[in-house]
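Beneath this line is the structure, given in structure tokens, with notes to follow.
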Amino acid sequence: MTLTSTDALLNSGTAGVYARTVHRVVDDVAARLAAVDQPWSGASRTELAELVDGVDLDSSGVGTEDALRETAALYATHAVWFHDPAYAAHLNCPVAVPAVGAEAMLAAINTSVDTYDQSTVATLMERRLVAWANRRIGFAGGDGVFTSGGTQSNLHALLAARERALTGPDGNRLTGIARHGLQGRLRVLATAAGHFSVAKSAMILGLADDAVVTVATDASGRMDPDALAGALATTERVGDVVMAVVATAGTTDRGTIDPLGPVADLCDATDTWLHVDAAYGGGLLVSRTRRHLLDGIERARSVTVDFHKTFFQPVSASAVLVREPEDLARTAWHADYLNPVEDSAEVNQVDRSLQTTRRFDALKLWTTLRAIGPDGIGAMVDAVCDLAAAVHADLARDPELHVVSGTDLSTVIFRYQPDGVTDEQADALVARVRRVLFDSGRASVAKTVIDGRPCLKLTLLNPAVTLADVRRVLSLVRDAAHGLLAGQALADEHEPPCRDVHPHLARHAGDAVGPKEAR
């Protein structure tokens, strides 16, 4: 039966319908989770487009039960399952069960944590989590706010850095010609291994086209402190102003961590804002064995942490954290209908956030911490890092798959190149192997470029995956590469079968001349 618009709303009158509906969805998803045997269905884009385009979004409603059944058949059937052991492509993780339970709670209640009067205890819980994360970093009296992801967190941090750079000696915000002239001279120093959101943020913030200055790295892809010192000196010498230095604690490709201590030394000496993008490596904050890899992060001015990566939270859950609360206060904006200045004593997080309406994503992390504790999360972080180390050791003895770069976290970058395969052949195989595996749905691996050479990449973010699971994925990589090389060898033969016959002519000399019959 088709529901009216009011019947479809969640309220006291439809609480029973809500319970039955959600139970059906949960049972269906649970059954699918248990039955998954490859990362995704392998359906072609054409097939998926036909399925999507075949849904009439302007027709009369079919009712909640039928709509959800149809949606599951379309979406859940063809979704990418990050919990499958053969998924090893991007920075996607399986999610903690308590966080999924919290997700259901916050979705139904639908709190917006922009102002206190819309959220009450939810705002206080988020503020407590921000303080907890700051203590883990080493910010004694810091501040912060949850965001939609690392890109927004990096943007917010660089906005705060820009506003600090555009603050006059009297503590007031520069305006007019003075502001415009200085903004055009602001520079951000980062390595090429840093996240693309740094350059994107510079564009959004209205900085010059050449505002992001690339700092050289060492052979492992980490920021070179000597190169940073030179870039700081050069920027000052030409009359530009370093708005911020961006160090990375867990580069997307290699999973390496810049030398935070030496970088902080240079930033302290030059009174330069240091932002640490720990979207990937932030999970080390709760590691019992690898926390030291983040030594120096407490000296940053701002930090990005993605809880939906190495804290195993559902998307989205990230935070930007700052050492000095006034750094976020500079970007506050007030509206009489929302957060008037006279109510500044109220805990309105919209004063800190780039967003107005904002989900209570902090509830997921809160619930996970209460369920398994920080050490439980840290143990999972250590598990994926240990797995990556074991895979690296495995490949060190492999005659066909060769590790290209080390890691501080959980990535494996490698190439298929046995003896007799040229660099050019190995280059060409990277994209083709990845495509064969993806199109089949059997495995998902990533590709990237290291030192000018295409490489395959595993991103291991599933603590339940074993070394045997990874070996099976690598075996699929080998099989795909073998098949592609064999196919190329056949194609390269001078006179393969039937190559001398025009496809529209008869195959044998005795055949009648004319178009071939359809087969």
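Note on naming: chains are A, B, ... as they come in the structure tokens, residues start from 1 per chain, ligands start from 1 in the order shown.
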
Inset, instruction - Would you mind listing what lies within 9 Å of Ala431 of chain A as a list in words, with only C-alpha atoms counted and same-chain residues fewer than 4 positions away left out? - result: Asp427, Arg435, Val436, Ala446, Lys447, Pro454, Cys455 and Leu456 of chain A

Preceding selection exported with N, CA, C and O atoms as a PDB file, in the first residue's frame:
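Written output follows (part.pdb):
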```pdb
ATOM      1  N   ASP A 427      55.286  -1.427 -16.803  1.00  0.00           N
ATOM      2  CA  ASP A 427      54.473  -0.205 -16.703  1.00  0.00           C
ATOM      3  C   ASP A 427      53.069  -0.443 -17.237  1.00  0.00           C
ATOM      4  O   ASP A 427      52.066  -0.087 -16.607  1.00  0.00           O
ATOM      5  N   ARG A 435      42.581  -3.390 -13.814  1.00  0.00           N
ATOM      6  CA  ARG A 435      41.291  -3.378 -14.502  1.00  0.00           C
ATOM      7  C   ARG A 435      40.709  -4.787 -14.623  1.00  0.00           C
ATOM      8  O   ARG A 435      39.510  -4.992 -14.414  1.00  0.00           O
ATOM      9  N   VAL A 436      41.536  -5.762 -14.952  1.00  0.00           N
ATOM     10  CA  VAL A 436      41.058  -7.144 -15.070  1.00  0.00           C
ATOM     11  C   VAL A 436      40.481  -7.613 -13.740  1.00  0.00           C
ATOM     12  O   VAL A 436      39.393  -8.212 -13.694  1.00  0.00           O
ATOM     13  N   ALA A 446      44.753  -0.970  -5.898  1.00  0.00           N
ATOM     14  CA  ALA A 446      44.886   0.393  -6.409  1.00  0.00           C
ATOM     15  C   ALA A 446      46.138   0.501  -7.272  1.00  0.00           C
ATOM     16  O   ALA A 446      46.970  -0.413  -7.333  1.00  0.00           O
ATOM     17  N   LYS A 447      46.260   1.624  -7.942  1.00  0.00           N
ATOM     18  CA  LYS A 447      47.478   1.921  -8.695  1.00  0.00           C
ATOM     19  C   LYS A 447      47.906   3.348  -8.401  1.00  0.00           C
ATOM     20  O   LYS A 447      47.095   4.204  -8.052  1.00  0.00           O
ATOM     21  N   PRO A 454      54.570   3.585 -12.895  1.00  0.00           N
ATOM     22  CA  PRO A 454      53.296   3.080 -12.390  1.00  0.00           C
ATOM     23  C   PRO A 454      53.516   1.879 -11.480  1.00  0.00           C
ATOM     24  O   PRO A 454      54.394   1.035 -11.739  1.00  0.00           O
ATOM     25  N   CYS A 455      52.734   1.818 -10.420  1.00  0.00           N
ATOM     26  CA  CYS A 455      52.855   0.728  -9.452  1.00  0.00           C
ATOM     27  C   CYS A 455      51.472   0.273  -9.016  1.00  0.00           C
ATOM     28  O   CYS A 455      50.502   1.037  -9.055  1.00  0.00           O
ATOM     29  N   LEU A 456      51.381  -0.955  -8.578  1.00  0.00           N
ATOM     30  CA  LEU A 456      50.193  -1.458  -7.919  1.00  0.00           C
ATOM     31  C   LEU A 456      50.311  -1.196  -6.428  1.00  0.00           C
ATOM     32  O   LEU A 456      51.416  -1.123  -5.882  1.00  0.00           O
TER      33      LEU A 456
END
```

Inset, instruction - Give me every strand (DSSP E or B) residue in segment 188-384 of chain A, going by DSSP on the backbone, as a ChimeraX atom specification. - result: /A:188-191,212-215,217,223,241-249,257,274-278,302-306,318-322

Inset, instruction - Might you pull out every residue within 8 Å of Leu328 of chain A, with only C-alpha atoms counted and same-chain residues fewer than 4 positions away left off, and present them as a PyMOL selection string? - result: chain A and resi 143-144+160+322+324+332+352

Would you output that residue set with all heavy atoms, as a tab-separated table (two decimals), in the first residue's frame?
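Output (part12.tsv):
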```
chain	number	residue	atom	x	y	z
A	143	ASP	N	41.32	23.09	20.91
A	143	ASP	CA	39.93	23.13	20.49
A	143	ASP	C	39.82	22.34	19.20
A	143	ASP	O	40.82	21.80	18.69
A	143	ASP	CB	39.45	24.57	20.31
A	143	ASP	CG	37.94	24.72	20.35
A	143	ASP	OD1	37.24	23.68	20.39
A	143	ASP	OD2	37.45	25.86	20.36
A	144	GLY	N	38.63	22.27	18.64
A	144	GLY	CA	38.44	21.55	17.39
A	144	GLY	C	36.98	21.32	17.13
A	144	GLY	O	36.11	21.71	17.91
A	160	ALA	N	42.15	28.73	8.93
A	160	ALA	CA	42.59	29.32	10.20
A	160	ALA	C	44.01	29.89	10.08
A	160	ALA	O	44.31	30.96	10.61
A	160	ALA	CB	42.53	28.27	11.31
A	322	VAL	N	43.00	22.08	16.95
A	322	VAL	CA	43.94	23.18	17.00
A	322	VAL	C	44.49	23.33	18.41
A	322	VAL	O	43.81	23.05	19.40
A	322	VAL	CB	43.30	24.52	16.55
A	322	VAL	CG1	42.88	24.44	15.08
A	322	VAL	CG2	42.11	24.88	17.43
A	324	GLU	N	45.57	26.21	19.76
A	324	GLU	CA	45.13	27.47	20.35
A	324	GLU	C	43.68	27.73	19.99
A	324	GLU	O	43.36	27.88	18.81
A	324	GLU	CB	46.00	28.63	19.84
A	324	GLU	CG	47.50	28.42	19.99
A	324	GLU	CD	47.93	28.37	21.44
A	324	GLU	OE1	47.19	28.88	22.30
A	324	GLU	OE2	49.02	27.81	21.71
A	332	ALA	N	34.85	32.55	13.17
A	332	ALA	CA	33.45	32.49	13.61
A	332	ALA	C	32.61	33.53	12.87
A	332	ALA	O	33.09	34.60	12.49
A	332	ALA	CB	33.36	32.72	15.11
A	352	ARG	N	32.49	27.32	15.46
A	352	ARG	CA	33.77	26.70	15.13
A	352	ARG	C	33.78	26.06	13.75
A	352	ARG	O	34.83	25.88	13.15
A	352	ARG	CB	34.11	25.62	16.16
A	352	ARG	CG	34.25	26.10	17.58
A	352	ARG	CD	34.31	24.91	18.55
A	352	ARG	NE	34.57	25.34	19.91
A	352	ARG	CZ	33.64	25.76	20.75
A	352	ARG	NH1	32.37	25.81	20.35
A	352	ARG	NH2	33.97	26.13	21.97
```

Inset, instruction - Do a neighbour search on segment 195-207 of chain A at 10 Å with only C-alpha atoms, toss out local chain neighbours closer than 5 positions, and write the hits as a ChimeraX atom specification. - result: /A:150-159,162,180,182-190,212-213,246-248,250-253,277,279

Inset, instruction - Using only C-alpha atoms, find the one residue out of A:Arg301, A:Arg136, A:Arg471, A:Arg222 that sits nearest to Pro325 of chain A. - result: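 Among the listed residues, the smallest separation from Pro325 of chain A belongs to A:Arg301.
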
Inset, instruction - With a distance cut-off of 12 Å and only C-alpha atoms, select the neighbouring residues of Gln118 of chain A, excluding the residue or stretch itself and same-chain residues fewer than 2 positions from it, and output the selection as number ranges by chain. - result: A: 109-116, 120-124, 338-339, 346-350, 356-360

Inset, instruction - Measure the distance from atom CA of Gly487 of chain A to atom CA of Thr46 of chain A in Å and round it to one decimal. - result: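 So the two atoms, atom CA of Gly487 of chain A and atom CA of Thr46 of chain A, lie 25.1 Å apart.
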
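Distance annotation: of A:Leu401, A:Ala300, A:Arg453, A:His482, the residue with the minimal separation from Ile137 of chain A is A:Ala300; atom set is only C-alpha atoms.
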
Legend entry - Nearest-residue call for Leu9 of chain A, choices A:Pro94, A:Gly378, A:Val263, A:Thr64, using only C-alpha atoms: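 The closest residue to Leu9 of chain A is A:Thr64.
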
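Minimum distance to Glu126 of chain A across A:Arg291, A:Lys364, A:Arg330, A:Arg299 (counting only C-alpha atoms) occurs at A:Lys364.
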